[in-house]
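Q: So here's protein.txt (compact mmCIF, C-alpha atoms).
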```txt
# COMPACT_ATOMS: atom_id res chain seq x y z
CA LYS B 1351 60.13 -35.98 -51.37
CA ALA B 1352 56.94 -35.40 -49.43
CA TYR B 1353 53.64 -36.87 -50.56
CA ALA B 1354 50.81 -34.61 -51.67
CA PRO B 1355 48.46 -33.06 -49.10
CA GLU B 1356 44.77 -33.99 -49.26
CA PHE B 1357 42.17 -31.23 -49.07
CA TYR B 1358 39.31 -31.51 -46.57
CA TYR B 1359 36.01 -30.58 -48.21
CA ASP B 1360 33.62 -30.77 -45.24
CA THR B 1361 34.76 -27.67 -43.36
CA TYR B 1362 31.85 -26.21 -41.39
CA SER B 1363 30.87 -22.69 -42.56
CA ALA B 1364 34.16 -22.24 -44.40
CA LEU B 1365 33.15 -18.88 -45.90
CA TRP B 1366 32.74 -15.59 -44.08
CA GLN B 1367 32.63 -11.91 -44.99
CA ASN B 1368 35.44 -9.62 -43.79
CA ARG B 1369 34.00 -6.39 -45.15
CA PRO B 1370 31.83 -5.42 -48.14
CA ARG B 1371 32.81 -7.53 -51.18
CA VAL B 1372 35.81 -9.03 -49.39
CA TYR B 1373 35.58 -12.62 -48.14
CA GLY B 1374 37.53 -15.17 -46.15
CA PHE B 1375 37.70 -18.92 -46.63
CA LYS B 1376 38.91 -21.55 -44.16
CA LEU B 1377 41.20 -23.89 -46.09
CA GLN B 1378 41.76 -27.27 -44.43
CA TRP B 1379 43.79 -30.32 -45.37
CA THR B 1380 45.60 -33.41 -44.08
CA GLN B 1381 49.05 -34.62 -45.08
CA MET B 1382 49.46 -37.99 -46.78
CA GLU B 1383 52.03 -40.16 -44.96
CA PRO B 1384 53.78 -37.30 -43.12
CA ASN B 1385 56.08 -39.67 -41.20
CA ALA B 1386 57.37 -41.43 -44.31
CA VAL B 1387 59.67 -38.53 -45.24
CA ASP B 1388 61.70 -35.82 -43.56
CA ARG B 1389 59.72 -33.32 -41.44
CA ILE B 1390 57.60 -30.90 -43.43
CA LEU B 1391 58.84 -27.38 -42.68
CA ALA B 1392 56.25 -25.38 -44.62
CA TYR B 1393 53.70 -25.41 -47.41
CA ARG B 1394 53.87 -23.27 -50.50
CA LEU B 1395 50.40 -21.82 -51.07
CA GLY B 1396 49.49 -20.71 -54.55
CA ILE B 1397 46.19 -19.07 -55.44
CA ARG B 1398 44.93 -17.91 -58.82
CA GLN B 1399 41.61 -16.38 -59.78
CA MET B 1400 39.94 -18.56 -62.41
CA GLY B 1401 40.18 -17.03 -65.86
CA GLN B 1402 43.44 -15.24 -65.06
CA SER B 1403 47.04 -16.38 -65.44
CA ARG B 1404 48.73 -14.63 -62.49
CA TRP B 1405 49.53 -16.70 -59.39
CA TRP B 1406 49.87 -15.27 -55.88
CA GLU B 1407 52.17 -17.33 -53.65
CA GLN B 1408 53.35 -17.44 -50.04
CA GLU B 1409 54.77 -19.93 -47.58
CA ILE B 1410 52.83 -21.30 -44.61
CA PRO B 1411 55.37 -22.32 -41.94
CA MET B 1412 54.72 -25.49 -39.92
CA GLU B 1413 55.72 -25.77 -36.25
CA GLY B 1414 56.51 -29.23 -34.93
CA THR B 1415 55.84 -32.59 -36.56
CA ILE B 1416 52.64 -33.14 -38.52
CA GLN B 1417 50.76 -36.26 -37.44
CA LYS B 1418 48.94 -38.61 -39.78
CA GLY B 1419 45.28 -37.56 -39.97
CA GLU B 1420 45.95 -34.16 -38.35
CA LEU B 1421 43.65 -31.49 -39.77
CA LEU B 1422 45.65 -28.41 -40.79
CA THR B 1423 44.04 -25.00 -41.30
CA TYR B 1424 44.92 -21.75 -43.04
CA ASN B 1425 42.55 -18.81 -43.50
CA LEU B 1426 42.41 -17.10 -46.89
CA THR B 1427 41.35 -13.59 -45.95
CA GLU B 1428 41.41 -11.31 -49.02
CA LEU B 1429 39.15 -12.94 -51.59
CA ILE B 1430 37.34 -10.32 -53.63
CA LYS B 1431 33.62 -10.58 -54.54
CA PRO B 1432 31.99 -13.94 -55.26
CA GLU B 1433 34.45 -15.74 -57.53
CA SER B 1434 36.24 -19.00 -58.23
CA TYR B 1435 39.86 -19.58 -57.27
CA LEU B 1436 42.36 -22.34 -58.00
CA VAL B 1437 44.34 -23.18 -54.87
CA ARG B 1438 47.60 -25.18 -54.88
CA LEU B 1439 49.45 -26.59 -51.85
CA THR B 1440 52.99 -27.93 -52.01
CA PRO B 1441 54.77 -29.46 -48.97
CA ILE B 1442 58.38 -28.41 -48.39
CA THR B 1443 61.07 -30.34 -46.51
CA ARG B 1444 64.75 -29.52 -46.15
CA TYR B 1445 65.31 -31.55 -49.34
CA GLY B 1446 62.98 -29.41 -51.41
CA GLU B 1447 59.39 -29.41 -52.61
CA GLY B 1448 57.14 -32.45 -52.61
CA ASP B 1449 54.06 -33.36 -54.62
CA ALA B 1450 51.49 -30.61 -55.00
CA THR B 1451 47.70 -30.86 -54.92
CA GLU B 1452 45.06 -28.45 -56.23
CA ARG B 1453 41.40 -27.65 -55.64
CA ILE B 1454 38.95 -25.07 -56.92
CA ILE B 1455 37.12 -22.84 -54.44
CA THR B 1456 33.80 -21.62 -55.82
CA TYR B 1457 31.42 -19.60 -53.67
CA SER B 1458 28.62 -17.04 -53.73
CA ALA B 1459 28.04 -14.08 -51.46
CA PRO B 1460 26.97 -15.08 -47.95
CA VAL B 1461 23.55 -13.82 -47.03
CA ASN B 1462 23.41 -15.36 -43.57
CA PRO B 1463 24.14 -12.79 -40.82
CA HIS B 1464 25.73 -15.52 -38.68
CA LEU B 1465 28.62 -16.09 -41.09
CA SER B 1466 30.85 -13.44 -39.48
CA PHE B 1467 31.62 -14.45 -35.89
CA TYR B 1468 30.16 -17.28 -33.83
CA MET B 1469 31.24 -20.02 -31.44
CA TYR B 1470 31.25 -23.69 -32.37
CA ILE B 1471 32.53 -27.06 -31.21
CA GLU B 1472 35.05 -28.79 -33.46
CA THR B 1473 34.29 -32.51 -33.84
CA SER B 1474 37.26 -33.59 -35.94
CA ARG B 1475 40.08 -35.72 -34.54
CA PRO B 1476 41.19 -36.04 -31.76
CA ARG B 1477 37.67 -35.39 -30.37
CA LEU B 1478 35.73 -38.48 -29.27
CA ASP B 1479 32.06 -39.44 -28.91
CA GLY B 1480 30.66 -37.77 -25.80
CA ASP B 1481 33.36 -35.10 -25.45
CA LYS B 1482 31.92 -31.85 -24.06
CA ALA B 1483 32.73 -28.17 -24.46
CA ARG B 1484 31.21 -25.56 -22.16
CA LEU B 1485 30.83 -21.80 -22.55
CA LEU B 1486 30.07 -19.87 -19.34
CA SER B 1487 28.49 -16.44 -19.12
CA PRO B 1488 29.61 -13.79 -16.64
CA THR B 1489 27.97 -13.98 -13.21
CA PHE B 1490 24.77 -11.94 -12.93
CA ASN B 1491 23.51 -10.53 -9.65
CA MET B 1492 19.75 -10.71 -9.39
CA ASN B 1493 17.62 -7.59 -9.49
CA SER B 1494 15.25 -8.65 -6.71
CA LYS B 1495 12.23 -6.40 -6.08
CA SER B 1496 10.32 -6.03 -2.83
CA SER B 1497 6.60 -5.35 -2.74
CA SER B 1498 5.73 -1.98 -1.17
CA SER B 1499 2.86 -3.54 0.82
CA SER B 1500 4.79 -6.50 2.22
CA SER B 1501 8.23 -7.83 2.88
CA VAL B 1502 7.87 -10.45 0.16
CA THR B 1503 10.70 -10.38 -2.39
CA ASN B 1504 9.75 -11.05 -6.00
CA ASN B 1505 12.47 -12.78 -7.98
CA PRO B 1506 12.39 -11.52 -11.58
CA THR B 1507 12.10 -13.64 -14.70
CA TYR B 1508 14.80 -13.39 -17.36
CA CYS B 1509 14.68 -14.32 -21.03
CA PHE B 1510 17.72 -16.20 -22.30
CA ALA B 1511 17.90 -16.28 -26.11
CA PHE B 1512 20.38 -17.47 -28.72
CA TYR B 1513 20.72 -18.78 -32.26
CA TYR B 1514 22.02 -22.26 -32.95
CA HIS B 1515 23.12 -24.30 -35.98
CA MET B 1516 23.04 -28.10 -35.70
CA TYR B 1517 23.58 -29.73 -39.09
CA GLY B 1518 25.12 -33.11 -39.87
CA LYS B 1519 24.45 -36.82 -39.48
CA HIS B 1520 26.63 -37.04 -36.35
CA ILE B 1521 25.13 -34.15 -34.35
CA GLY B 1522 25.26 -34.78 -30.61
CA ALA B 1523 23.51 -32.42 -28.20
CA LEU B 1524 23.31 -28.77 -27.24
CA ASN B 1525 22.40 -28.15 -23.60
CA VAL B 1526 21.76 -25.00 -21.56
CA PHE B 1527 22.05 -24.94 -17.78
CA LEU B 1528 21.20 -22.34 -15.17
CA ARG B 1529 24.03 -22.27 -12.63
CA GLN B 1530 23.01 -20.67 -9.33
CA LYS B 1531 25.49 -19.61 -6.69
CA GLY B 1532 23.77 -19.82 -3.33
CA GLN B 1533 25.19 -21.66 -0.34
CA THR B 1534 26.07 -24.36 -2.88
CA VAL B 1535 26.51 -24.19 -6.65
CA THR B 1536 23.76 -25.97 -8.58
CA ASP B 1537 23.31 -26.58 -12.32
CA THR B 1538 19.74 -26.97 -13.56
CA SER B 1539 18.93 -27.97 -17.15
CA VAL B 1540 16.66 -25.36 -18.78
CA TRP B 1541 16.94 -26.29 -22.50
CA SER B 1542 18.27 -29.22 -24.54
CA LEU B 1543 18.21 -30.38 -28.14
CA THR B 1544 19.76 -33.36 -29.93
CA GLY B 1545 20.26 -34.50 -33.51
CA ASN B 1546 20.32 -32.94 -36.96
CA GLN B 1547 18.20 -29.76 -37.20
CA GLY B 1548 18.89 -28.91 -40.84
CA ASP B 1549 21.29 -26.52 -42.57
CA ARG B 1550 19.98 -23.25 -41.17
CA TRP B 1551 20.17 -21.08 -38.08
CA ARG B 1552 17.29 -21.31 -35.63
CA GLN B 1553 16.47 -19.23 -32.58
CA ALA B 1554 15.76 -20.55 -29.09
CA LYS B 1555 14.31 -18.62 -26.15
CA VAL B 1556 13.78 -19.84 -22.61
CA ASN B 1557 12.44 -18.18 -19.45
CA ILE B 1558 14.64 -18.63 -16.39
CA HIS B 1559 13.79 -17.94 -12.76
CA PRO B 1560 16.99 -17.61 -10.69
CA THR B 1561 16.80 -17.09 -6.94
CA ALA B 1562 20.49 -16.23 -6.43
CA ALA B 1563 23.46 -14.89 -8.37
CA PHE B 1564 23.69 -16.96 -11.53
CA GLN B 1565 25.51 -17.89 -14.71
CA MET B 1566 24.30 -19.44 -17.95
CA VAL B 1567 26.19 -22.51 -19.15
CA MET B 1568 26.03 -23.63 -22.78
CA GLU B 1569 27.28 -27.15 -23.42
CA GLY B 1570 28.00 -28.83 -26.74
CA VAL B 1571 28.31 -32.62 -26.78
CA ARG B 1572 30.12 -34.37 -29.60
CA GLY B 1573 28.21 -37.07 -31.44
CA SER B 1574 29.43 -40.30 -33.02
CA GLY B 1575 31.47 -38.81 -35.89
CA ILE B 1576 33.09 -35.76 -37.48
CA GLU B 1577 29.95 -34.45 -39.22
CA GLY B 1578 28.56 -32.94 -36.05
CA ASP B 1579 29.81 -29.37 -35.47
CA ILE B 1580 27.38 -27.29 -33.37
CA ALA B 1581 27.43 -23.48 -33.47
CA ILE B 1582 25.84 -20.70 -31.41
CA ASP B 1583 25.52 -16.97 -32.03
CA ASP B 1584 23.79 -13.78 -30.79
CA VAL B 1585 23.40 -14.87 -27.17
CA THR B 1586 21.35 -12.44 -25.07
CA ILE B 1587 19.78 -12.25 -21.61
CA GLU B 1588 17.11 -9.71 -20.76
CA GLU B 1589 14.91 -9.08 -17.75
CA GLY B 1590 11.29 -10.04 -18.34
CA GLU B 1591 9.56 -12.98 -19.96
CA CYS B 1592 10.41 -14.01 -23.51
CA LYS B 1593 8.25 -12.48 -26.22
CA ASP B 1594 6.99 -14.90 -28.89
CA PRO B 1595 9.28 -17.82 -28.01
CA PRO B 1596 9.98 -20.29 -30.85
CA PRO B 1597 8.16 -23.64 -30.73
CA ASN B 1598 11.23 -25.70 -29.74
CA SER B 1599 12.28 -24.87 -26.18
```
Take the structure I supplied and represent it as structure tokens, if you would.
A:
Amino acid sequence: KAYAPEFYYDTYSALWQNRPRVYGFKLQWTQMEPNAVDRILAYRLGIRQMGQSRWWEQEIPMEGTIQKGELLTYNLTELIKPESYLVRLTPITRYGEGDATERIITYSAPVNPHLSFYMYIETSRPRLDGDKARLLSPTFNMNSKSSSSSSVTNNPTYCFAFYYHMYGKHIGALNVFLRQKGQTVTDTSVWSLTGNQGDRWRQAKVNIHPTAAFQMVMEGVRGSGIEGDIAIDDVTIEEGECKDPPPNS
């Protein structure tokens, strides 16, 4: 029979809020010695609210062969109010059920507005040190303005703003580039930050001065280990200089 799965406890921002008083939790695990037995076809998921006796169960089907060290994910999406739950996972092969494992999920209501939807880079295997992920904005056409007293064209300033979360001992770098599309395409670095910035969201604002149609490029660079997820949220671009920019730019 299959060995027991092993829960992963370092999931980045595992909790989010679906709607008032209803929460979701990202459950992650690896499978112990998956190649030592017949292929795992599914997992039986059991969940029980602490203090109650009733179990809720379902099967999580698995496609393909699970690799040793592969991080598996399933989203629990209908958890009511801040509570504690006992979660049980049991691997299933064609010969029957294997060894089960259990963990308790305890959480409180999220108060951070960035817990709903955001973008982040995943640094778990098979990602390597120095791997990069890029997010590109749509292309913006400049709103050039001509002076009424001359033929001089004034290129406007834009404020590019976003929130970021960089927490963990293996944080790499978060870079922002201005990509201009003139006769040639050029990428110019306009903002960069490296290393652990603490377990909270921070805002960054930067003035950009494009002279042609442009895009913004956000680049996350993986650090030396798995404790280095980088997240971004609430990305905006507005015409005009930034108002009260944060100290780190």
Q: Tell me, as an MDAnalysis selection string, which residues lie within 7 Å of region 1396-1405 of chain B, counting only C-alpha atoms; anything in the same chain fewer than 3 positions away does not count.
A: chainID B and resid 1408 1434:1439
Q: If you keep C-alpha atoms, can you produce a file of those selected residues as a PDB file, keeping the file's coordinate frame?
A:
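Final file, again-v3.pdb:
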```pdb
ATOM      1  CA  GLN B1408      53.350 -17.440 -50.040  1.00  0.00           C
ATOM      2  CA  SER B1434      36.240 -19.000 -58.230  1.00  0.00           C
ATOM      3  CA  TYR B1435      39.860 -19.580 -57.270  1.00  0.00           C
ATOM      4  CA  LEU B1436      42.360 -22.340 -58.000  1.00  0.00           C
ATOM      5  CA  VAL B1437      44.340 -23.180 -54.870  1.00  0.00           C
ATOM      6  CA  ARG B1438      47.600 -25.180 -54.880  1.00  0.00           C
ATOM      7  CA  LEU B1439      49.450 -26.590 -51.850  1.00  0.00           C
TER       8      LEU B1439
END
```
Q: Which is closest to Asn1385 (chain B) among B:Gly1570, B:Gly1419, B:Pro1411, B:Pro1560, if we use all atoms listed in the file?
A: B:Gly1419
Q: Quick one: residues within 8 Å of Arg1389 (chain B), only C-alpha atoms, excluding same-chain residues fewer than 2 positions away - as a PyMOL selection string?
A: chain B and resi 1384-1385+1387+1391+1415-1416+1443-1444
Q: How many Å separate CA of Glu1569 (chain B) from CA of Lys1418 (chain B)?
A: 29.5 Å
Q: Restricting the calculation to all atoms listed in the file: of B:Asn1504, B:Ser1542, B:Gln1381, B:Thr1489, which residue gets closest to Ala1563 (chain B)?
A: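 Smallest separation from Ala1563 (chain B) among the options: B:Thr1489.
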Q: Which residues, written as an NGL selection string, have at least one atom at most 9 Å from Ala1354 (chain B), with all atoms listed in the file counted and residues fewer than 5 positions away on the same chain left out?
A: :B and (1381-1383 or 1439-1441 or 1448-1451)
Q: Could you pull the residues within 6 Å of region 1523-1540 of chain B, counting only C-alpha atoms, minus those fewer than 6 positions along the same chain, as a ChimeraX atom specification?
A: /B:1562-1571
Q: Just C-alpha atoms for this one: save the residues we selected as a compact mmCIF listing (two decimals), in the frame of the given file.
A:
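Final output, saved to result_6.txt:
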```
# COMPACT_ATOMS: atom_id res chain seq x y z
CA ALA B 1562 20.49 -16.23 -6.43
CA ALA B 1563 23.46 -14.89 -8.37
CA PHE B 1564 23.69 -16.96 -11.53
CA GLN B 1565 25.51 -17.89 -14.71
CA MET B 1566 24.30 -19.44 -17.95
CA VAL B 1567 26.19 -22.51 -19.15
CA MET B 1568 26.03 -23.63 -22.78
CA GLU B 1569 27.28 -27.15 -23.42
CA GLY B 1570 28.00 -28.83 -26.74
CA VAL B 1571 28.31 -32.62 -26.78
```
Q: Between region 1397-1508 of chain B and region 1373-1380 of chain B, at 6 Å or less, what are the per-residue closest atom pairs and their distances in Å? Count only C-alpha atoms, order by chain and rising residue number, and return it as a tab-separated table.
A:
```
residue	atom	partner	partner_atom	distance
B:Gly1419	CA	B:Thr1380	CA	5.8
B:Glu1420	CA	B:Thr1380	CA	5.8
B:Leu1421	CA	B:Thr1380	CA	5.1
B:Leu1422	CA	B:Trp1379	CA	5.3
B:Thr1423	CA	B:Gln1378	CA	4.5
B:Tyr1424	CA	B:Leu1377	CA	5.3
B:Asn1425	CA	B:Lys1376	CA	4.6
B:Leu1426	CA	B:Phe1375	CA	5.1
B:Thr1427	CA	B:Gly1374	CA	4.1
B:Leu1429	CA	B:Tyr1373	CA	5.0
```
Q: For region 1385-1485 of chain B versus region 1575-1584 of chain B, which residues have an atom no more than 6 Å away, and what is each residue's nearest atom pair and distance in Å rounded to one decimal, using all atoms listed in the file, chain-then-number order, as JSON lines?
A:
```
{"residue": "B:Tyr1468", "atom": "CA", "partner": "B:Asp1583", "partner_atom": "CA", "distance": 5.0}
{"residue": "B:Met1469", "atom": "CA", "partner": "B:Ile1582", "partner_atom": "CA", "distance": 5.4}
{"residue": "B:Tyr1470", "atom": "CA", "partner": "B:Ala1581", "partner_atom": "CA", "distance": 4.0}
{"residue": "B:Ile1471", "atom": "CA", "partner": "B:Asp1579", "partner_atom": "CA", "distance": 5.6}
{"residue": "B:Glu1472", "atom": "CA", "partner": "B:Asp1579", "partner_atom": "CA", "distance": 5.6}
{"residue": "B:Thr1473", "atom": "CA", "partner": "B:Ile1576", "partner_atom": "CA", "distance": 5.0}
{"residue": "B:Ser1474", "atom": "CA", "partner": "B:Ile1576", "partner_atom": "CA", "distance": 4.9}
```
Q: What would the file look like if the residues just selected were written as a short mmCIF file (atom, residue, chain, number, x, y, z; two decimals), in the coordinates of the input with C-alpha atoms?
A:
```cif
data_model
loop_
_atom_site.label_atom_id
_atom_site.label_comp_id
_atom_site.auth_asym_id
_atom_site.auth_seq_id
_atom_site.Cartn_x
_atom_site.Cartn_y
_atom_site.Cartn_z
CA TYR B 1468 30.16 -17.28 -33.83
CA MET B 1469 31.24 -20.02 -31.44
CA TYR B 1470 31.25 -23.69 -32.37
CA ILE B 1471 32.53 -27.06 -31.21
CA GLU B 1472 35.05 -28.79 -33.46
CA THR B 1473 34.29 -32.51 -33.84
CA SER B 1474 37.26 -33.59 -35.94
#
```
Q: Record the distance separating CA of Pro1506 (chain B) and CA of His1559 (chain B), expressed in Å with one decimal.
A: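 Distance reported for this atom pair: 6.7 Å.
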Q: Ranking B:Arg1484, B:Lys1431, B:Lys1351, B:Arg1552 by minimum distance to Val1372 (chain B) and counting only C-alpha atoms, which one comes first?
A: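 Smallest distance to Val1372 (chain B) is found for B:Lys1431.
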Q: Please measure the separation of CA of Met1412 (chain B) and CA of Tyr1358 (chain B), giving the value in Å to one decimal.
A: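 We find that CA of Met1412 (chain B) and CA of Tyr1358 (chain B) lie 17.8 Å from each other.
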Q: Find the residue from B:Leu1543, B:Ile1410, B:Ala1483, B:Val1556 that sits nearest to Ala1511 (chain B); use all atoms listed in the file when measuring.
A: B:Val1556
Q: Which one of B:Phe1490, B:Arg1394, B:Asp1594, B:Cys1509 sits closest to Trp1406 (chain B) if you count all atoms listed in the file?
A: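 When distances to Trp1406 (chain B) are compared using all atoms listed in the file, the smallest one comes from B:Arg1394.
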Q: First collect every listed atom of region 1429-1434 of chain B; then fit an axis-aligned box around them, widen it by 4 Å on each side, and give centre and edge lengths in Å to one decimal, as lines of an AutoDock Vina configuration file.
A:
```
center_x = 35.6
center_y = -14.7
center_z = -54.9
size_x = 15.2
size_y = 16.7
size_z = 14.6
```
Q: Would you mind telling me which residue in B:Leu1486, B:Ile1521, B:Met1516, B:Ile1558 lies nearest to Ser1574 (chain B) when using only C-alpha atoms?
A: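 Comparing B:Leu1486, B:Ile1521, B:Met1516, B:Ile1558 against Ser1574 (chain B), the winner is B:Ile1521.
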Q: List the residues sitting within 12 Å of (10.0, -15.6, -25.1) in the file's frame, using only C-alpha atoms, as a list in words.
A: Thr1507, Tyr1508, Cys1509, Phe1510, Ala1511, Phe1512, Gln1553, Ala1554, Lys1555, Val1556, Asn1557, Ile1558, Thr1586, Ile1587, Glu1588, Glu1589, Gly1590, Glu1591, Cys1592, Lys1593, Asp1594, Pro1595, Pro1596, Pro1597, Asn1598 and Ser1599 of chain B
